[in-house]
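Source file work.txt; content: compact mmCIF, C-alpha atoms.
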```
# COMPACT_ATOMS: atom_id res chain seq x y z
CA MET A 19 118.50 80.91 101.34
CA ALA A 20 121.06 83.70 101.72
CA ASN A 21 122.41 84.55 105.17
CA LEU A 22 120.20 87.57 105.83
CA LYS A 23 121.51 90.32 108.09
CA VAL A 24 118.62 92.80 108.07
CA THR A 25 116.39 92.21 111.09
CA ALA A 26 112.59 92.27 111.19
CA GLU A 27 112.83 95.49 113.19
CA ASP A 28 115.06 97.05 110.50
CA GLU A 29 112.57 95.94 107.86
CA LYS A 30 109.65 97.48 109.75
CA ARG A 31 111.51 100.77 110.20
CA VAL A 32 112.30 101.29 106.53
CA LYS A 33 108.88 100.08 105.40
CA ALA A 34 107.48 103.15 107.13
CA LEU A 35 109.78 105.18 104.86
CA GLY A 36 108.46 103.46 101.73
CA PHE A 37 111.04 100.68 101.29
CA LEU A 38 109.72 97.17 100.76
CA ARG A 39 111.98 94.15 101.13
CA ASN A 40 112.77 92.14 98.01
CA LYS A 41 111.80 88.62 99.03
CA GLY A 42 114.65 86.45 100.26
CA THR A 43 117.24 89.24 100.14
CA ASP A 44 118.58 92.16 102.17
CA ASN A 45 117.67 94.49 99.29
CA PHE A 46 114.65 96.76 99.05
CA SER A 47 112.44 98.49 96.52
CA GLY A 48 112.15 102.21 97.20
CA ARG A 49 108.63 103.54 96.55
CA ILE A 50 108.70 107.07 95.13
CA ILE A 51 105.59 109.23 95.48
CA THR A 52 104.67 110.91 92.19
CA VAL A 53 101.74 112.94 93.68
CA ASN A 54 99.48 112.14 90.70
CA GLY A 55 101.47 109.93 88.35
CA LYS A 56 103.24 112.86 86.73
CA ILE A 57 106.97 113.55 86.96
CA THR A 58 109.27 115.90 85.10
CA ALA A 59 111.99 114.89 82.66
CA ALA A 60 114.60 116.00 85.22
CA GLN A 61 113.01 113.78 87.89
CA ASN A 62 112.87 110.88 85.45
CA LYS A 63 116.58 111.30 84.72
CA CYS A 64 117.36 111.50 88.44
CA LEU A 65 115.49 108.25 89.11
CA SER A 66 117.32 106.48 86.31
CA GLU A 67 120.66 107.58 87.74
CA ALA A 68 119.62 106.56 91.26
CA ALA A 69 118.51 103.13 90.02
CA GLU A 70 121.94 102.55 88.52
CA LEU A 71 123.90 104.01 91.45
CA TYR A 72 122.02 102.42 94.33
CA GLY A 73 119.68 99.76 92.90
CA ASN A 74 119.83 96.98 90.35
CA GLY A 75 118.99 99.30 87.45
CA ASN A 76 115.32 98.33 87.29
CA ILE A 77 112.38 100.70 87.77
CA THR A 78 108.81 99.42 88.10
CA PHE A 79 105.43 101.13 88.24
CA THR A 80 102.76 100.35 90.79
CA SER A 81 99.02 100.18 90.25
CA ARG A 82 98.66 103.39 92.27
CA LEU A 83 100.92 105.52 90.07
CA THR A 84 103.99 105.36 92.26
CA ILE A 85 107.44 104.25 91.07
CA GLU A 86 109.66 101.63 92.67
CA VAL A 87 113.41 101.38 92.25
CA GLN A 88 114.42 97.78 92.93
CA GLY A 89 117.43 96.15 94.55
CA ILE A 90 118.57 98.88 96.95
CA PRO A 91 120.82 97.48 99.72
CA TYR A 92 119.67 98.31 103.25
CA ASP A 93 122.79 100.36 103.97
CA LYS A 94 122.28 102.47 100.81
CA ILE A 95 118.71 103.54 101.59
CA GLU A 96 119.61 106.92 103.09
CA ASP A 97 122.03 107.68 100.24
CA PHE A 98 119.25 106.87 97.78
CA ARG A 99 116.76 109.14 99.55
CA ALA A 100 119.26 112.01 99.60
CA TYR A 101 120.02 111.57 95.88
CA ILE A 102 116.40 111.72 94.69
CA ALA A 103 115.66 114.61 97.06
CA LYS A 104 117.77 116.80 94.74
CA GLU A 105 114.79 116.78 92.36
CA GLY A 106 112.14 117.08 95.06
CA LEU A 107 111.32 113.36 95.11
CA VAL A 108 110.38 111.51 98.29
CA THR A 109 109.58 107.93 99.27
CA GLY A 110 106.61 106.66 101.27
CA GLY A 111 103.10 105.40 100.61
CA THR A 112 102.71 102.70 103.24
CA GLY A 113 100.84 102.35 106.52
CA SER A 114 97.34 102.78 107.96
CA LYS A 115 96.82 106.32 106.73
CA VAL A 116 95.86 108.24 103.61
CA ARG A 117 97.67 106.61 100.70
CA PRO A 118 99.02 108.27 97.52
CA ILE A 119 96.24 109.70 95.38
CA VAL A 120 95.49 108.06 92.03
CA CYS A 121 94.01 110.06 89.16
CA CYS A 122 93.51 109.76 85.43
CA LYS A 123 94.90 112.38 83.05
CA GLY A 124 91.77 114.53 83.27
CA THR A 125 91.48 117.45 80.90
CA THR A 126 94.32 116.34 78.63
CA CYS A 127 91.92 113.52 77.63
CA GLN A 128 89.19 114.24 75.09
CA TYR A 129 86.58 113.04 77.58
CA GLY A 130 88.03 114.75 80.67
CA LEU A 131 85.55 116.94 82.53
CA ILE A 132 87.57 118.07 85.54
CA ASP A 133 91.18 118.99 86.29
CA THR A 134 92.19 115.73 87.95
CA PHE A 135 95.86 116.69 88.20
CA GLY A 136 95.04 119.95 89.98
CA LEU A 137 92.52 118.37 92.35
CA SER A 138 94.79 115.45 93.17
CA GLU A 139 97.65 117.82 93.99
CA LYS A 140 95.40 119.68 96.44
CA ILE A 141 94.24 116.45 98.08
CA HIS A 142 97.83 115.18 98.18
CA GLU A 143 99.07 118.32 99.91
CA GLU A 144 96.12 118.60 102.32
CA PHE A 145 95.57 114.98 103.27
CA TYR A 146 98.55 112.85 102.19
CA ASN A 147 101.12 115.33 103.46
CA GLY A 148 98.95 117.23 105.93
CA TYR A 149 97.57 114.07 107.55
CA ALA A 150 100.81 112.08 107.31
CA ASP A 151 100.92 111.48 111.06
CA VAL A 152 97.20 110.75 111.44
CA LYS A 153 96.69 107.06 112.19
CA LEU A 154 93.59 105.48 110.65
CA PRO A 155 91.95 102.09 111.21
CA HIS A 156 93.48 100.85 107.95
CA LYS A 157 94.79 102.32 104.68
CA PHE A 158 92.58 104.92 103.02
CA LYS A 159 92.75 105.11 99.24
CA ILE A 160 91.44 107.96 97.10
CA GLY A 161 90.89 107.77 93.34
CA ILE A 162 89.91 110.58 90.96
CA GLY A 163 88.41 109.92 87.54
CA GLY A 164 87.92 112.75 85.08
CA CYS A 165 84.69 111.40 83.61
CA PRO A 166 82.20 108.50 83.92
CA ASN A 167 84.45 106.27 81.79
CA ASN A 168 86.00 105.46 85.18
CA CYS A 169 89.39 104.46 83.75
CA ILE A 170 91.07 104.41 87.17
CA LYS A 171 88.05 102.74 88.83
CA PRO A 172 87.33 105.47 91.42
CA ASP A 173 84.52 103.50 93.06
CA LEU A 174 86.91 100.69 94.01
CA ASN A 175 88.72 103.12 96.30
CA ASP A 176 87.73 103.98 99.86
CA LEU A 177 86.67 107.31 98.40
CA GLY A 178 86.27 107.92 94.70
CA ILE A 179 85.64 111.15 92.82
CA ILE A 180 84.16 111.12 89.31
CA GLY A 181 83.99 114.18 87.05
CA GLN A 182 80.54 115.19 85.84
CA ASN A 183 79.03 117.56 83.30
CA ILE A 184 75.33 117.88 84.07
CA PRO A 185 73.43 118.92 80.92
CA ASN A 186 71.28 122.05 81.10
CA TYR A 187 68.35 120.97 78.95
CA ASP A 188 65.77 123.56 77.84
CA GLU A 189 62.85 121.49 76.58
CA ASP A 190 61.17 124.61 75.15
CA LEU A 191 63.95 124.85 72.55
CA CYS A 192 63.49 121.27 71.34
CA MET A 193 62.18 121.29 67.76
CA GLY A 194 61.29 117.60 67.69
CA CYS A 195 63.71 116.76 64.90
CA LYS A 196 62.95 113.47 63.18
CA LYS A 197 66.61 112.53 63.58
CA CYS A 198 67.74 113.86 66.97
CA SER A 199 71.47 114.63 67.13
CA VAL A 200 71.39 114.57 70.94
CA GLU A 201 69.89 111.10 70.99
CA GLU A 202 72.56 109.93 68.55
CA ALA A 203 75.33 111.46 70.68
CA CYS A 204 74.26 109.81 73.94
CA PRO A 205 76.45 106.71 74.44
CA ILE A 206 74.21 105.04 77.02
CA GLY A 207 70.73 105.71 75.65
CA ALA A 208 69.64 108.12 78.39
CA ALA A 209 68.47 110.64 75.76
CA TYR A 210 65.48 109.57 73.69
CA SER A 211 62.60 111.03 71.71
CA GLU A 212 59.05 110.61 72.94
CA ASP A 213 56.01 112.12 71.23
CA GLY A 214 58.32 114.33 69.16
CA VAL A 215 60.16 115.77 72.17
CA LEU A 216 63.61 114.96 73.53
CA LYS A 217 63.60 113.37 76.97
CA ILE A 218 66.54 112.66 79.27
CA ASP A 219 66.28 109.84 81.77
CA THR A 220 68.02 111.42 84.74
CA GLU A 221 68.17 108.08 86.54
CA SER A 222 70.32 106.46 83.85
CA CYS A 223 72.16 109.61 82.68
CA ASN A 224 75.74 109.45 83.97
CA ASN A 225 76.49 113.13 83.22
CA CYS A 226 79.25 112.38 80.72
CA GLY A 227 78.46 115.63 78.87
CA ARG A 228 78.65 114.04 75.43
CA CYS A 229 75.26 115.52 74.52
CA ILE A 230 76.21 119.12 75.30
CA GLY A 231 76.40 121.33 72.24
CA LYS A 232 75.01 118.62 69.96
CA CYS A 233 71.51 120.11 69.50
CA HIS A 234 71.32 122.28 66.37
CA PHE A 235 68.76 124.49 68.14
CA ASP A 236 70.73 124.95 71.37
CA ALA A 237 68.39 122.93 73.59
CA ILE A 238 71.49 121.68 75.45
CA GLU A 239 73.96 124.47 74.96
CA ASP A 240 75.94 124.03 78.16
CA GLY A 241 76.22 122.07 81.38
CA GLN A 242 77.24 122.30 85.02
CA THR A 243 80.61 120.90 86.03
CA GLY A 244 80.24 118.58 89.00
CA TYR A 245 81.87 115.90 91.13
CA LYS A 246 80.25 112.61 92.08
CA VAL A 247 81.67 111.07 95.26
CA ALA A 248 81.45 107.35 96.01
CA ILE A 249 82.41 105.91 99.39
CA GLY A 250 83.32 102.47 100.65
CA GLY A 251 85.02 100.96 97.62
CA MET A 252 87.56 98.21 98.13
CA TRP A 253 89.64 95.91 95.94
CA GLY A 254 91.69 93.06 97.33
CA LYS A 255 90.91 90.05 99.47
CA ARG A 256 87.41 91.44 99.69
CA VAL A 257 85.80 93.40 96.87
CA ASN A 258 83.26 96.14 97.40
CA ARG A 259 81.96 98.74 94.98
CA GLY A 260 81.61 102.20 96.46
CA ILE A 261 78.16 103.78 96.80
CA PRO A 262 77.69 107.32 95.42
CA LEU A 263 76.48 110.01 97.78
CA ASN A 264 73.07 111.38 96.82
CA LYS A 265 74.50 114.75 95.89
CA ILE A 266 76.58 116.00 93.00
CA PHE A 267 79.07 118.55 94.32
CA THR A 268 79.69 121.60 92.17
CA SER A 269 82.97 123.00 93.52
CA GLU A 270 86.40 121.73 94.50
CA GLU A 271 85.90 123.33 97.92
CA GLU A 272 82.89 121.09 98.56
CA VAL A 273 84.86 118.04 97.45
CA MET A 274 87.82 118.89 99.69
CA SER A 275 85.42 119.29 102.60
CA VAL A 276 83.70 115.93 102.08
CA VAL A 277 87.08 114.18 101.73
CA GLU A 278 88.17 115.64 105.06
CA LYS A 279 84.91 114.67 106.74
CA ALA A 280 85.22 111.12 105.44
CA ILE A 281 88.75 110.78 106.85
CA LEU A 282 87.70 112.25 110.21
CA LEU A 283 84.65 110.00 110.40
CA TYR A 284 86.73 106.93 109.58
CA ARG A 285 89.31 107.83 112.23
CA GLU A 286 86.70 108.55 114.90
CA GLN A 287 84.17 105.79 114.24
CA GLY A 288 86.14 103.08 112.45
CA LYS A 289 87.45 100.09 114.38
CA THR A 290 91.16 99.38 114.18
CA GLY A 291 91.81 96.95 111.35
CA GLU A 292 88.62 97.45 109.35
CA ARG A 293 88.43 99.15 105.95
CA PHE A 294 86.16 102.14 105.39
CA ALA A 295 83.69 99.87 103.57
CA GLN A 296 83.28 97.80 106.72
CA THR A 297 82.84 100.92 108.85
CA ILE A 298 80.08 102.09 106.51
CA GLU A 299 78.44 98.67 106.55
CA ARG A 300 78.48 98.60 110.36
CA LEU A 301 77.22 102.18 110.83
CA GLY A 302 74.80 102.16 107.90
CA PHE A 303 75.21 104.08 104.65
CA ASP A 304 72.39 106.55 105.42
CA ASN A 305 74.00 107.39 108.77
CA VAL A 306 77.43 107.94 107.21
CA GLU A 307 76.01 109.98 104.32
CA ALA A 308 74.10 112.24 106.71
CA GLN A 309 77.30 112.94 108.61
CA LEU A 310 79.26 113.66 105.43
CA LEU A 311 76.62 116.06 104.15
CA SER A 312 76.55 118.03 107.40
CA ASP A 313 79.40 119.92 109.08
CA ASP A 314 78.97 118.54 112.58
CA ILE A 315 82.04 116.31 112.39
CA LEU A 316 84.23 119.30 111.47
CA SER A 317 83.35 120.88 114.82
CA ARG A 318 85.15 117.95 116.47
CA LYS A 319 88.13 117.99 114.09
CA GLN A 320 90.83 118.85 116.60
CA GLU A 321 89.46 116.44 119.17
CA ILE A 322 89.39 113.63 116.60
CA LEU A 323 92.91 114.34 115.35
CA GLU A 324 94.35 114.46 118.86
CA ALA A 325 92.61 111.30 120.10
CA GLN A 326 94.84 108.33 120.90
CA LEU A 327 93.31 105.94 118.37
CA HIS A 328 94.53 103.03 116.22
CA LEU A 329 97.89 102.75 117.94
CA THR A 330 98.17 99.04 117.17
CA GLY A 331 97.73 97.31 113.84
CA GLY A 332 95.64 94.27 113.03
CA ALA A 333 94.03 94.39 109.60
CA THR A 334 90.87 92.32 109.34
CA CYS A 335 90.85 92.24 105.55
```

Can you present the structure in this file as structure tokens?
Amino acid sequence: MANLKVTAEDEKRVKALGFLRNKGTDNFSGRIITVNGKITAAQNKCLSEAAELYGNGNITFTSRLTIEVQGIPYDKIEDFRAYIAKEGLVTGGTGSKVRPIVCCKGTTCQYGLIDTFGLSEKIHEEFYNGYADVKLPHKFKIGIGGCPNNCIKPDLNDLGIIGQNIPNYDEDLCMGCKKCSVEEACPIGAAYSEDGVLKIDTESCNNCGRCIGKCHFDAIEDGQTGYKVAIGGMWGKRVNRGIPLNKIFTSEEEVMSVVEKAILLYREQGKTGERFAQTIERLGFDNVEAQLLSDDILSRKQEILEAQLHLTGGATC
């Protein structure tokens, strides 16, 4: 093995800045935060130049839509950070706190129901940047999917948001067509004809919105945009699928509020080292949901943020 000069303390210090040691070397991969997986052509050019100037010329992509430039020597880390800052790029994304937000491409996709880029930017600014110094029991991951296709697997995040389009069905306008265009359009069989009338099984309907506008007699002319929120997802050594809250939110303001309440609850009531899924399991889903659907925890916001909590590490999963 090479004669390594970078100490464990050095390694810990730069990890907090988003630099992860390349195994067996004194070189590091710098993790660049893309906000939502979108960068400009100018930023892309800047990263390519930085990879050649300070790294080994290789750029990799993480599963959470960040970018890593490999092979940066320890003593070139600050030069690298200064170079990419010219295009507004920063490093980070590690630690027991809110992690970089992951989202799909939202309304640029034919199935996209919500503006995932816009929402993720708001959450990034408010809770990744705004809560950067807020220590949590463990990492807290947020994923945003633009529709129920769930391409980025929102419910495997600590908190997942899924775009919805809830059909407004007027049964009085149903003409009982022998061949129902709505039934044909429904990809999961939630729409069906019974006794000559269209029915929608609200239990199985995932609010994908594919049926909207398909009725020739305008029985489902429009729908309500919404946001399903699932909590307690986890993917790693332990796997847990998040459980949806029993409410579909209908505004970004409501979603931002429930995200904040979830983070505050986790900080206040989570034990150091446990993931949000374990906190929910210990407290009980119904208890956690009741707190997230009320505003009581917001009244303690400043107290929770100022509390001396989770000052030592110790992940249990």

Proximity of range 100-197 of chain A to range 39-54 of chain A: per-residue shortest pair, 12 Å limit, all atoms listed in the file, as CSV:
```
residue,atom,partner,partner_atom,distance
A:Ile102,CA,A:Ile50,CA,9.0
A:Ala103,CA,A:Ile50,CA,10.4
A:Glu105,CA,A:Thr52,CA,11.7
A:Gly106,CA,A:Thr52,CA,10.1
A:Leu107,CA,A:Ile50,CA,6.8
A:Val108,CA,A:Ile50,CA,5.7
A:Thr109,CA,A:Ile50,CA,4.3
A:Gly110,CA,A:Arg49,CA,6.0
A:Gly111,CA,A:Ile51,CA,6.9
A:Thr112,CA,A:Arg49,CA,9.0
A:Arg117,CA,A:Ile51,CA,9.8
A:Pro118,CA,A:Val53,CA,6.6
A:Ile119,CA,A:Asn54,CA,6.2
A:Val120,CA,A:Asn54,CA,5.9
A:Cys121,CA,A:Asn54,CA,6.1
A:Cys122,CA,A:Asn54,CA,8.3
A:Lys123,CA,A:Asn54,CA,8.9
A:Gly124,CA,A:Asn54,CA,11.0
A:Asp133,CA,A:Asn54,CA,11.6
A:Thr134,CA,A:Asn54,CA,8.6
A:Phe135,CA,A:Asn54,CA,6.3
A:Gly136,CA,A:Asn54,CA,9.0
A:Leu137,CA,A:Asn54,CA,9.5
A:Ser138,CA,A:Asn54,CA,6.2
A:Glu139,CA,A:Val53,CA,6.4
A:Lys140,CA,A:Val53,CA,9.7
A:Ile141,CA,A:Val53,CA,9.4
A:His142,CA,A:Val53,CA,6.4
A:Glu143,CA,A:Val53,CA,8.7
A:Glu144,CA,A:Val53,CA,11.8
A:Phe145,CA,A:Val53,CA,11.6
A:Tyr146,CA,A:Val53,CA,9.1
A:Asn147,CA,A:Val53,CA,10.1
A:Ile160,CA,A:Asn54,CA,11.1
A:Gly161,CA,A:Asn54,CA,10.0
A:Ile162,CA,A:Asn54,CA,9.7
A:Gly163,CA,A:Asn54,CA,11.7
A:Ile170,CA,A:Asn54,CA,12.0
```

Given the selection you just returned, output its residues as a file containing C-alpha atoms, formatted as a PDB file, in the frame of the given file.
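Everything below was put into result.pdb:
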```
ATOM      1  CA  ILE A 102     116.400 111.720  94.690  1.00  0.00           C
ATOM      2  CA  ALA A 103     115.660 114.610  97.060  1.00  0.00           C
ATOM      3  CA  GLU A 105     114.790 116.780  92.360  1.00  0.00           C
ATOM      4  CA  GLY A 106     112.140 117.080  95.060  1.00  0.00           C
ATOM      5  CA  LEU A 107     111.320 113.360  95.110  1.00  0.00           C
ATOM      6  CA  VAL A 108     110.380 111.510  98.290  1.00  0.00           C
ATOM      7  CA  THR A 109     109.580 107.930  99.270  1.00  0.00           C
ATOM      8  CA  GLY A 110     106.610 106.660 101.270  1.00  0.00           C
ATOM      9  CA  GLY A 111     103.100 105.400 100.610  1.00  0.00           C
ATOM     10  CA  THR A 112     102.710 102.700 103.240  1.00  0.00           C
ATOM     11  CA  ARG A 117      97.670 106.610 100.700  1.00  0.00           C
ATOM     12  CA  PRO A 118      99.020 108.270  97.520  1.00  0.00           C
ATOM     13  CA  ILE A 119      96.240 109.700  95.380  1.00  0.00           C
ATOM     14  CA  VAL A 120      95.490 108.060  92.030  1.00  0.00           C
ATOM     15  CA  CYS A 121      94.010 110.060  89.160  1.00  0.00           C
ATOM     16  CA  CYS A 122      93.510 109.760  85.430  1.00  0.00           C
ATOM     17  CA  LYS A 123      94.900 112.380  83.050  1.00  0.00           C
ATOM     18  CA  GLY A 124      91.770 114.530  83.270  1.00  0.00           C
ATOM     19  CA  ASP A 133      91.180 118.990  86.290  1.00  0.00           C
ATOM     20  CA  THR A 134      92.190 115.730  87.950  1.00  0.00           C
ATOM     21  CA  PHE A 135      95.860 116.690  88.200  1.00  0.00           C
ATOM     22  CA  GLY A 136      95.040 119.950  89.980  1.00  0.00           C
ATOM     23  CA  LEU A 137      92.520 118.370  92.350  1.00  0.00           C
ATOM     24  CA  SER A 138      94.790 115.450  93.170  1.00  0.00           C
ATOM     25  CA  GLU A 139      97.650 117.820  93.990  1.00  0.00           C
ATOM     26  CA  LYS A 140      95.400 119.680  96.440  1.00  0.00           C
ATOM     27  CA  ILE A 141      94.240 116.450  98.080  1.00  0.00           C
ATOM     28  CA  HIS A 142      97.830 115.180  98.180  1.00  0.00           C
ATOM     29  CA  GLU A 143      99.070 118.320  99.910  1.00  0.00           C
ATOM     30  CA  GLU A 144      96.120 118.600 102.320  1.00  0.00           C
ATOM     31  CA  PHE A 145      95.570 114.980 103.270  1.00  0.00           C
ATOM     32  CA  TYR A 146      98.550 112.850 102.190  1.00  0.00           C
ATOM     33  CA  ASN A 147     101.120 115.330 103.460  1.00  0.00           C
ATOM     34  CA  ILE A 160      91.440 107.960  97.100  1.00  0.00           C
ATOM     35  CA  GLY A 161      90.890 107.770  93.340  1.00  0.00           C
ATOM     36  CA  ILE A 162      89.910 110.580  90.960  1.00  0.00           C
ATOM     37  CA  GLY A 163      88.410 109.920  87.540  1.00  0.00           C
ATOM     38  CA  ILE A 170      91.070 104.410  87.170  1.00  0.00           C
TER      39      ILE A 170
END
```

Work out where the centre of an axis-aligned box around every listed atom of range 147-166 of chain A lies and how long its edges are once 5 Å is added on each side; give both in Å to one decimal as lines of an AutoDock Vina configuration file.
```
center_x = 91.7
center_y = 109.0
center_z = 97.9
size_x = 28.9
size_y = 26.4
size_z = 38.6
```

Would you compute the distance between CA of Glu67 in chain A and CA of Val32 in chain A? Give it in Å to one decimal. 21.5 Å

Residues at most 8 Å from range 73-78 of chain A, counting only C-alpha atoms, excluding those fewer than 3 positions away in the same chain, as a list in words? Ser66, Ala68, Ala69, Glu70, Ile85, Glu86, Val87, Gln88, Gly89, Ile90 and Pro91 of chain A

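Picture a line from CA of Thr243 in chain A to CA of Ile132 in chain A; it runs 7.5 Å.
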
At most 12 Å is the cut-off: for each residue in range 69-124 of chain A with any atom that close to an atom of range 308-330 of chain A, write down the nearest atom pair and the distance in Å rounded to one decimal, counting all atoms listed in the file, chain first then increasing number, as CSV.
```
residue,atom,partner,partner_atom,distance
A:Gly113,CA,A:Thr330,CA,11.5
A:Ser114,CA,A:His328,CA,8.7
A:Lys115,CA,A:His328,CA,10.3
```

Reconstruct N, CA and C atoms of range 40-56 of chain A; output as a PDB file, in the frame of the given file.
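The resulting file, part.pdb, is reproduced below:
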```pdb
ATOM      1  N   ASN A  40     112.804  93.079  99.126  1.00  0.00           N
ATOM      2  CA  ASN A  40     112.770  92.140  98.010  1.00  0.00           C
ATOM      3  C   ASN A  40     112.913  90.734  98.589  1.00  0.00           C
ATOM      4  N   LYS A  41     111.925  89.921  98.373  1.00  0.00           N
ATOM      5  CA  LYS A  41     111.800  88.620  99.030  1.00  0.00           C
ATOM      6  C   LYS A  41     113.104  87.803  98.982  1.00  0.00           C
ATOM      7  N   GLY A  42     113.491  87.318 100.158  1.00  0.00           N
ATOM      8  CA  GLY A  42     114.650  86.450 100.260  1.00  0.00           C
ATOM      9  C   GLY A  42     115.985  87.146 100.181  1.00  0.00           C
ATOM     10  N   THR A  43     115.989  88.486 100.251  1.00  0.00           N
ATOM     11  CA  THR A  43     117.240  89.240 100.140  1.00  0.00           C
ATOM     12  C   THR A  43     117.297  90.318 101.226  1.00  0.00           C
ATOM     13  N   ASP A  44     118.426  90.987 101.304  1.00  0.00           N
ATOM     14  CA  ASP A  44     118.580  92.160 102.170  1.00  0.00           C
ATOM     15  C   ASP A  44     118.439  93.449 101.358  1.00  0.00           C
ATOM     16  N   ASN A  45     117.888  93.333 100.151  1.00  0.00           N
ATOM     17  CA  ASN A  45     117.670  94.490  99.290  1.00  0.00           C
ATOM     18  C   ASN A  45     116.208  94.925  99.336  1.00  0.00           C
ATOM     19  N   PHE A  46     115.987  96.177  98.943  1.00  0.00           N
ATOM     20  CA  PHE A  46     114.650  96.760  99.050  1.00  0.00           C
ATOM     21  C   PHE A  46     114.262  97.497  97.774  1.00  0.00           C
ATOM     22  N   SER A  47     112.967  97.626  97.571  1.00  0.00           N
ATOM     23  CA  SER A  47     112.440  98.490  96.520  1.00  0.00           C
ATOM     24  C   SER A  47     111.999  99.793  97.170  1.00  0.00           C
ATOM     25  N   GLY A  48     112.514 100.899  96.672  1.00  0.00           N
ATOM     26  CA  GLY A  48     112.150 102.210  97.200  1.00  0.00           C
ATOM     27  C   GLY A  48     110.955 102.755  96.446  1.00  0.00           C
ATOM     28  N   ARG A  49     109.876 103.061  97.173  1.00  0.00           N
ATOM     29  CA  ARG A  49     108.630 103.540  96.550  1.00  0.00           C
ATOM     30  C   ARG A  49     108.626 105.062  96.527  1.00  0.00           C
ATOM     31  N   ILE A  50     108.657 105.615  95.322  1.00  0.00           N
ATOM     32  CA  ILE A  50     108.700 107.070  95.130  1.00  0.00           C
ATOM     33  C   ILE A  50     107.288 107.587  94.894  1.00  0.00           C
ATOM     34  N   ILE A  51     106.919 108.640  95.599  1.00  0.00           N
ATOM     35  CA  ILE A  51     105.590 109.230  95.480  1.00  0.00           C
ATOM     36  C   ILE A  51     105.590 110.239  94.327  1.00  0.00           C
ATOM     37  N   THR A  52     104.723 110.019  93.359  1.00  0.00           N
ATOM     38  CA  THR A  52     104.670 110.910  92.190  1.00  0.00           C
ATOM     39  C   THR A  52     103.601 111.988  92.305  1.00  0.00           C
ATOM     40  N   VAL A  53     102.865 112.025  93.409  1.00  0.00           N
ATOM     41  CA  VAL A  53     101.740 112.940  93.680  1.00  0.00           C
ATOM     42  C   VAL A  53     100.508 112.552  92.867  1.00  0.00           C
ATOM     43  N   ASN A  54     100.645 112.490  91.532  1.00  0.00           N
ATOM     44  CA  ASN A  54      99.480 112.140  90.700  1.00  0.00           C
ATOM     45  C   ASN A  54      99.889 111.376  89.431  1.00  0.00           C
ATOM     46  N   GLY A  55     101.023 110.704  89.506  1.00  0.00           N
ATOM     47  CA  GLY A  55     101.470 109.930  88.350  1.00  0.00           C
ATOM     48  C   GLY A  55     102.187 110.750  87.301  1.00  0.00           C
ATOM     49  N   LYS A  56     102.568 111.972  87.678  1.00  0.00           N
ATOM     50  CA  LYS A  56     103.240 112.860  86.730  1.00  0.00           C
ATOM     51  C   LYS A  56     104.576 113.288  87.315  1.00  0.00           C
TER      52      LYS A  56
END
```
